[in-house]
Amino acid sequence: MYFLTLVLIYTICFCSFFYVMLMGNTRFHRRGLVGRLRSNILDTCSRIFDRLLPICVHTTYLRSTHYFLATRTSFFIYLNAALLCLGISEYLYDVRFYTWQLGMPSHYLVRQLGLIAVHVILLLSCRFSDPGRVTRSNVSKYMAQFPYDRVYYFPWNSCRSCELGKPARSKHCNLCGGCVARMDHHCVWVNNCIGSKNYSYFIGYLFSLIAMTTYVFHTTIHVFH
């Protein structure tokens with residue numbers, strides 16, 4: 001139970017930190033407690049880096065941050081694959097030994113391998129599918145897809161970068177270099193935009209990750225309980 005307590009504490013702290021950092025700058029949290037907490041964390045880290053790091057290291061840090069967060073790079077794809085492979089290898093090695101030792105049925109591992117396969121398929125689908133890029137050949141179709149509310153979206157607006165009409169609920173992605181219909185965001189973990197055509201893949205990818213993590217946690221409780 002001590003191990004499970006540590007896992008639970010780590011998970012809560014990890015999720016809370018990432019929620020603060022990712023959602024603290026949104027319109028809903030920007031002026032609230034989460035937004036102030038995010039600003040304080042960033043300001044404190046910036047002051048520590050400025051005082052402790054040499055100028056050359058600080059410059060390298062800024063350039064690296066810009067490269068990883070402001071350019072389209074496959075680094076997070078490889079990082080995601082490495083973490084997934086390491087986690088799966090460690091899990092299968094430990095749990096296979098304990099399930100065999102405790103005489104537990106083999107369907108625990110079979111189900112987990114099935115969840116892993118579904119997760120990888122959805123990840124690749126998000127990565128290589130068309131998110132709904134707006135081009136000259138399909139801009140009229142996307143402009144008729146959603147009505148203009150004339151509050152945020154107007155039919156006479158156009159994208160200055162693409163030089164095309166701007167469909168309602170579309171957004172220009174500077175990383176991909178084009179507008180995406182019903183764009184949600186650019187996900188660095190799949191190195192692709194999430195839009196009208198691959199939104200279902202992305203939701204499935206998230207649910208498969210939740211299901212895989214939940215099943216690992218469930219199996220771990222049975223093994224170490």
# chains A, B, ... in the order shown; residues from 1 in each chain; ligands from 1

call {"tool": "residues_around", "arguments": {"residues": "Ala168 in chain A", "least_positions_apart": "2", "cutoff": "9 Å", "atoms": "only C-alpha atoms", "output": "MDAnalysis selection string"}}
result
chainID A and resid 142:149 152:155 166 170:171 181:182

call {"tool": "write_last_selection", "arguments": {"atoms": "N, CA, C and O atoms", "output": "PDB file, in the first residue's frame"}}
result
ATOM      1  N   TYR A 142     -15.719  24.550 -46.476  1.00  0.00           N
ATOM      2  CA  TYR A 142     -15.569  24.827 -45.049  1.00  0.00           C
ATOM      3  C   TYR A 142     -16.273  26.122 -44.644  1.00  0.00           C
ATOM      4  O   TYR A 142     -16.740  26.246 -43.503  1.00  0.00           O
ATOM      5  N   MET A 143     -16.342  27.076 -45.549  1.00  0.00           N
ATOM      6  CA  MET A 143     -17.031  28.329 -45.222  1.00  0.00           C
ATOM      7  C   MET A 143     -18.529  28.118 -45.077  1.00  0.00           C
ATOM      8  O   MET A 143     -19.213  28.874 -44.370  1.00  0.00           O
ATOM      9  N   ALA A 144     -19.055  27.085 -45.724  1.00  0.00           N
ATOM     10  CA  ALA A 144     -20.482  26.782 -45.600  1.00  0.00           C
ATOM     11  C   ALA A 144     -20.773  25.769 -44.507  1.00  0.00           C
ATOM     12  O   ALA A 144     -21.945  25.458 -44.256  1.00  0.00           O
ATOM     13  N   GLN A 145     -19.747  25.255 -43.850  1.00  0.00           N
ATOM     14  CA  GLN A 145     -19.941  24.209 -42.850  1.00  0.00           C
ATOM     15  C   GLN A 145     -20.577  24.733 -41.568  1.00  0.00           C
ATOM     16  O   GLN A 145     -21.452  24.094 -40.987  1.00  0.00           O
ATOM     17  N   PHE A 146     -20.133  25.913 -41.100  1.00  0.00           N
ATOM     18  CA  PHE A 146     -20.655  26.485 -39.853  1.00  0.00           C
ATOM     19  C   PHE A 146     -21.137  27.904 -40.120  1.00  0.00           C
ATOM     20  O   PHE A 146     -20.499  28.658 -40.859  1.00  0.00           O
ATOM     21  N   PRO A 147     -22.248  28.305 -39.493  1.00  0.00           N
ATOM     22  CA  PRO A 147     -22.742  29.677 -39.688  1.00  0.00           C
ATOM     23  C   PRO A 147     -21.855  30.687 -38.955  1.00  0.00           C
ATOM     24  O   PRO A 147     -21.245  30.368 -37.935  1.00  0.00           O
ATOM     25  N   TYR A 148     -21.788  31.886 -39.485  1.00  0.00           N
ATOM     26  CA  TYR A 148     -21.017  32.966 -38.866  1.00  0.00           C
ATOM     27  C   TYR A 148     -21.865  33.637 -37.793  1.00  0.00           C
ATOM     28  O   TYR A 148     -23.010  34.030 -38.048  1.00  0.00           O
ATOM     29  N   ASP A 149     -21.303  33.758 -36.589  1.00  0.00           N
ATOM     30  CA  ASP A 149     -22.067  34.361 -35.497  1.00  0.00           C
ATOM     31  C   ASP A 149     -22.000  35.876 -35.513  1.00  0.00           C
ATOM     32  O   ASP A 149     -22.714  36.537 -34.763  1.00  0.00           O
ATOM     33  N   TYR A 152     -17.551  36.738 -33.178  1.00  0.00           N
ATOM     34  CA  TYR A 152     -16.136  36.390 -33.323  1.00  0.00           C
ATOM     35  C   TYR A 152     -15.767  36.102 -34.777  1.00  0.00           C
ATOM     36  O   TYR A 152     -14.625  36.285 -35.178  1.00  0.00           O
ATOM     37  N   TYR A 153     -16.737  35.622 -35.533  1.00  0.00           N
ATOM     38  CA  TYR A 153     -16.469  35.224 -36.912  1.00  0.00           C
ATOM     39  C   TYR A 153     -17.381  35.997 -37.859  1.00  0.00           C
ATOM     40  O   TYR A 153     -18.601  36.076 -37.640  1.00  0.00           O
ATOM     41  N   PHE A 154     -16.774  36.546 -38.912  1.00  0.00           N
ATOM     42  CA  PHE A 154     -17.507  37.337 -39.890  1.00  0.00           C
ATOM     43  C   PHE A 154     -17.220  36.782 -41.291  1.00  0.00           C
ATOM     44  O   PHE A 154     -16.086  36.372 -41.583  1.00  0.00           O
ATOM     45  N   PRO A 155     -18.219  36.766 -42.152  1.00  0.00           N
ATOM     46  CA  PRO A 155     -18.024  36.160 -43.478  1.00  0.00           C
ATOM     47  C   PRO A 155     -17.042  36.909 -44.362  1.00  0.00           C
ATOM     48  O   PRO A 155     -16.542  36.336 -45.326  1.00  0.00           O
ATOM     49  N   LYS A 166     -11.764  33.062 -44.462  1.00  0.00           N
ATOM     50  CA  LYS A 166     -11.606  32.428 -43.155  1.00  0.00           C
ATOM     51  C   LYS A 166     -12.926  31.796 -42.724  1.00  0.00           C
ATOM     52  O   LYS A 166     -13.856  32.497 -42.326  1.00  0.00           O
ATOM     53  N   SER A 170     -12.456  28.396 -37.687  1.00  0.00           N
ATOM     54  CA  SER A 170     -11.132  28.001 -38.168  1.00  0.00           C
ATOM     55  C   SER A 170     -10.070  28.889 -37.531  1.00  0.00           C
ATOM     56  O   SER A 170     -10.368  29.956 -36.982  1.00  0.00           O
ATOM     57  N   LYS A 171      -8.843  28.441 -37.613  1.00  0.00           N
ATOM     58  CA  LYS A 171      -7.736  29.181 -37.022  1.00  0.00           C
ATOM     59  C   LYS A 171      -6.472  28.876 -37.799  1.00  0.00           C
ATOM     60  O   LYS A 171      -6.281  27.746 -38.267  1.00  0.00           O
ATOM     61  N   ALA A 181      -9.764  23.894 -40.312  1.00  0.00           N
ATOM     62  CA  ALA A 181     -11.193  24.022 -40.039  1.00  0.00           C
ATOM     63  C   ALA A 181     -11.519  23.451 -38.665  1.00  0.00           C
ATOM     64  O   ALA A 181     -11.038  22.388 -38.294  1.00  0.00           O
ATOM     65  N   ARG A 182     -12.349  24.182 -37.932  1.00  0.00           N
ATOM     66  CA  ARG A 182     -12.752  23.818 -36.565  1.00  0.00           C
ATOM     67  C   ARG A 182     -11.532  23.391 -35.732  1.00  0.00           C
ATOM     68  O   ARG A 182     -11.527  22.355 -35.077  1.00  0.00           O
TER      69      ARG A 182
END

call {"tool": "residues_around", "arguments": {"residues": "Ile116 in chain A", "least_positions_apart": "2", "cutoff": "9 Å", "atoms": "only C-alpha atoms", "output": "ChimeraX atom specification"}}
result
/A:88,111-114,118-121,208-209,212

call {"tool": "select_by_dssp", "arguments": {"residues": "range 10-124 of chain A", "states": "helix (DSSP H, G or I)", "output": "number ranges by chain"}}
result
A: 10-23, 33-52, 55-70, 75-102, 107-124

call {"tool": "closest_residue", "arguments": {"among": "A:Phe68, A:Tyr10, A:Phe128, A:Tyr215", "to": "Lys197 in chain A", "atoms": "only C-alpha atoms"}}
result
A:Phe128

call {"tool": "atom_distance", "arguments": {"atom1": "CA of Val216 in chain A", "atom2": "CA of Thr11 in chain A"}}
result
13.4 Å

call {"tool": "residues_around", "arguments": {"residues": "Asn192 in chain A", "least_positions_apart": "5", "cutoff": "9 Å", "atoms": "only C-alpha atoms", "output": "VMD selection string"}}
result
chain A and resid 72 126 to 131 175 to 176 185 to 187

call {"tool": "residues_around", "arguments": {"residues": "Leu42 in chain A", "least_positions_apart": "5", "cutoff": "9 Å", "atoms": "only C-alpha atoms", "output": "ChimeraX atom specification"}}
result
/A:21,37,47

call {"tool": "atom_distance", "arguments": {"atom1": "CA of Arg63 in chain A", "atom2": "CA of Asn174 in chain A"}}
result
17.7 Å

call {"tool": "closest_residue", "arguments": {"among": "A:Val20, A:Leu52, A:Ile194, A:Leu124", "to": "Gly32 in chain A", "atoms": "only C-alpha atoms"}}
result
A:Val20

call {"tool": "residues_around", "arguments": {"residues": "Phe76 in chain A", "least_positions_apart": "3", "cutoff": "8 Å", "atoms": "only C-alpha atoms", "output": "short mmCIF file (atom, residue, chain, number, x, y, z; two decimals) with C-alpha atoms, in the first residue's frame"}}
result
data_model
loop_
_atom_site.label_atom_id
_atom_site.label_comp_id
_atom_site.auth_asym_id
_atom_site.auth_seq_id
_atom_site.Cartn_x
_atom_site.Cartn_y
_atom_site.Cartn_z
CA THR A 73 9.50 19.36 -34.31
CA LEU A 79 9.86 11.31 -26.42
CA ASN A 80 6.30 10.01 -26.30
CA VAL A 188 3.05 18.68 -29.81
CA TRP A 189 2.66 15.05 -28.69
CA VAL A 190 1.30 14.05 -32.09
CA ASN A 191 3.06 16.86 -34.00
#

call {"tool": "residues_around", "arguments": {"residues": "His172 in chain A", "least_positions_apart": "4", "cutoff": "10 Å", "atoms": "only C-alpha atoms", "output": "VMD selection string"}}
result
chain A and resid 133 to 134 159 to 162 166 176 to 181 183

call {"tool": "write_last_selection", "arguments": {"atoms": "C-alpha atoms", "output": "CSV table (one decimal), in the first residue's frame"}}
result
chain,number,residue,atom,x,y,z
A,133,ARG,CA,-6.5,22.1,-43.7
A,134,VAL,CA,-8.2,24.9,-45.6
A,159,CYS,CA,-6.5,35.0,-43.3
A,160,ARG,CA,-3.6,37.3,-44.0
A,161,SER,CA,-1.1,34.5,-44.1
A,162,CYS,CA,-3.0,32.1,-46.3
A,166,LYS,CA,-11.6,32.4,-43.2
A,176,CYS,CA,1.9,24.0,-39.6
A,177,GLY,CA,1.7,27.1,-41.9
A,178,GLY,CA,-2.0,26.9,-42.7
A,179,CYS,CA,-5.6,27.4,-41.6
A,180,VAL,CA,-7.4,24.4,-40.0
A,181,ALA,CA,-11.2,24.0,-40.0
A,183,MET,CA,-9.3,23.9,-35.1

call {"tool": "select_by_dssp", "arguments": {"residues": "range 64-214 of chain A", "states": "strand (DSSP E or B)", "output": "list in words"}}
result
Arg133, Ser158, Cys159, Leu164, Gly165, Lys171, His172, Cys173, Gly178, Cys179, Val180, His185, His186, Cys187, Asn192, Cys193 and Ile194 of chain A

call {"tool": "write_last_selection", "arguments": {"atoms": "all heavy atoms", "output": "compact mmCIF listing (two decimals), in the first residue's frame"}}
result
# COMPACT_ATOMS: atom_id res chain seq x y z
N ARG A 133 -7.20 20.86 -43.19
CA ARG A 133 -6.51 22.05 -43.68
C ARG A 133 -7.33 22.75 -44.77
O ARG A 133 -7.83 22.11 -45.68
CB ARG A 133 -5.12 21.68 -44.20
CG ARG A 133 -4.18 21.23 -43.09
CD ARG A 133 -2.77 20.97 -43.62
NE ARG A 133 -1.89 20.60 -42.52
CZ ARG A 133 -1.71 19.37 -42.09
NH1 ARG A 133 -2.39 18.39 -42.66
NH2 ARG A 133 -0.90 19.11 -41.08
N SER A 158 -10.71 37.32 -43.76
CA SER A 158 -9.81 36.44 -44.50
C SER A 158 -8.51 36.29 -43.73
O SER A 158 -8.17 37.13 -42.88
CB SER A 158 -9.53 37.00 -45.90
OG SER A 158 -8.90 38.28 -45.81
N CYS A 159 -7.81 35.22 -44.00
CA CYS A 159 -6.53 34.96 -43.33
C CYS A 159 -5.43 35.72 -44.07
O CYS A 159 -5.24 35.54 -45.28
CB CYS A 159 -6.24 33.45 -43.31
SG CYS A 159 -4.66 33.04 -42.55
N LEU A 164 -6.72 33.48 -47.92
CA LEU A 164 -7.96 32.78 -48.25
C LEU A 164 -9.06 33.27 -47.33
O LEU A 164 -8.80 33.87 -46.29
CB LEU A 164 -7.79 31.26 -48.08
CG LEU A 164 -6.80 30.55 -48.99
CD1 LEU A 164 -6.62 29.10 -48.56
CD2 LEU A 164 -7.26 30.61 -50.44
N GLY A 165 -10.31 33.00 -47.72
CA GLY A 165 -11.41 33.30 -46.83
C GLY A 165 -11.29 32.49 -45.55
O GLY A 165 -10.78 31.36 -45.55
N LYS A 171 -8.84 28.44 -37.61
CA LYS A 171 -7.74 29.18 -37.02
C LYS A 171 -6.47 28.88 -37.80
O LYS A 171 -6.28 27.75 -38.27
CB LYS A 171 -7.56 28.80 -35.54
CG LYS A 171 -6.55 29.66 -34.80
CD LYS A 171 -6.50 29.27 -33.33
CE LYS A 171 -5.50 30.12 -32.57
NZ LYS A 171 -5.42 29.72 -31.14
N HIS A 172 -5.62 29.87 -37.92
CA HIS A 172 -4.34 29.68 -38.60
C HIS A 172 -3.31 29.14 -37.63
O HIS A 172 -3.16 29.64 -36.51
CB HIS A 172 -3.85 31.00 -39.19
CG HIS A 172 -2.59 30.85 -39.99
ND1 HIS A 172 -2.59 30.49 -41.32
CD2 HIS A 172 -1.28 31.01 -39.63
CE1 HIS A 172 -1.35 30.43 -41.76
NE2 HIS A 172 -0.53 30.73 -40.76
N CYS A 173 -2.63 28.09 -38.02
CA CYS A 173 -1.57 27.50 -37.20
C CYS A 173 -0.22 27.93 -37.77
O CYS A 173 0.13 27.60 -38.90
CB CYS A 173 -1.69 25.97 -37.20
SG CYS A 173 -0.37 25.15 -36.25
N GLY A 178 -0.75 26.92 -42.02
CA GLY A 178 -2.01 26.93 -42.74
C GLY A 178 -3.19 27.02 -41.79
O GLY A 178 -3.05 26.80 -40.58
N CYS A 179 -4.36 27.33 -42.35
CA CYS A 179 -5.58 27.37 -41.56
C CYS A 179 -6.17 25.97 -41.44
O CYS A 179 -6.06 25.16 -42.37
CB CYS A 179 -6.59 28.31 -42.20
SG CYS A 179 -6.21 30.07 -41.99
N VAL A 180 -6.81 25.70 -40.31
CA VAL A 180 -7.42 24.41 -40.05
C VAL A 180 -8.87 24.63 -39.67
O VAL A 180 -9.17 25.47 -38.81
CB VAL A 180 -6.68 23.66 -38.92
CG1 VAL A 180 -7.37 22.35 -38.61
CG2 VAL A 180 -5.23 23.41 -39.30
N HIS A 185 -6.47 22.80 -31.34
CA HIS A 185 -5.13 23.24 -30.93
C HIS A 185 -4.11 22.45 -31.74
O HIS A 185 -4.44 21.52 -32.46
CB HIS A 185 -4.90 23.00 -29.43
CG HIS A 185 -4.80 21.56 -29.06
ND1 HIS A 185 -5.89 20.69 -29.09
CD2 HIS A 185 -3.75 20.80 -28.64
CE1 HIS A 185 -5.51 19.49 -28.71
NE2 HIS A 185 -4.22 19.52 -28.44
N HIS A 186 -2.86 22.86 -31.62
CA HIS A 186 -1.75 22.10 -32.20
C HIS A 186 -1.14 21.28 -31.08
O HIS A 186 -0.63 21.82 -30.10
CB HIS A 186 -0.70 23.04 -32.80
CG HIS A 186 0.44 22.29 -33.43
ND1 HIS A 186 0.47 21.97 -34.77
CD2 HIS A 186 1.59 21.79 -32.90
CE1 HIS A 186 1.59 21.30 -35.03
NE2 HIS A 186 2.29 21.19 -33.92
N CYS A 187 -1.20 19.96 -31.22
CA CYS A 187 -0.71 19.06 -30.18
C CYS A 187 0.73 18.66 -30.49
O CYS A 187 1.00 18.04 -31.52
CB CYS A 187 -1.60 17.83 -30.09
SG CYS A 187 -1.09 16.66 -28.81
N ASN A 192 0.88 17.49 -34.78
CA ASN A 192 -0.12 17.78 -35.79
C ASN A 192 -1.23 18.62 -35.16
O ASN A 192 -1.40 18.63 -33.94
CB ASN A 192 -0.71 16.47 -36.35
CG ASN A 192 -1.42 16.69 -37.68
OD1 ASN A 192 -1.37 17.76 -38.27
ND2 ASN A 192 -2.09 15.65 -38.15
N CYS A 193 -1.96 19.31 -36.01
CA CYS A 193 -3.10 20.07 -35.53
C CYS A 193 -4.27 19.13 -35.27
O CYS A 193 -4.39 18.07 -35.89
CB CYS A 193 -3.51 21.13 -36.55
SG CYS A 193 -2.37 22.53 -36.65
N ILE A 194 -5.14 19.53 -34.36
CA ILE A 194 -6.36 18.79 -34.07
C ILE A 194 -7.52 19.64 -34.57
O ILE A 194 -7.75 20.75 -34.07
CB ILE A 194 -6.51 18.51 -32.57
CG1 ILE A 194 -5.26 17.81 -32.03
CG2 ILE A 194 -7.75 17.68 -32.31
CD1 ILE A 194 -4.91 16.51 -32.71

call {"tool": "atom_distance", "arguments": {"atom1": "CA of Phe207 in chain A", "atom2": "CA of Leu123 in chain A"}}
result
11.4 Å
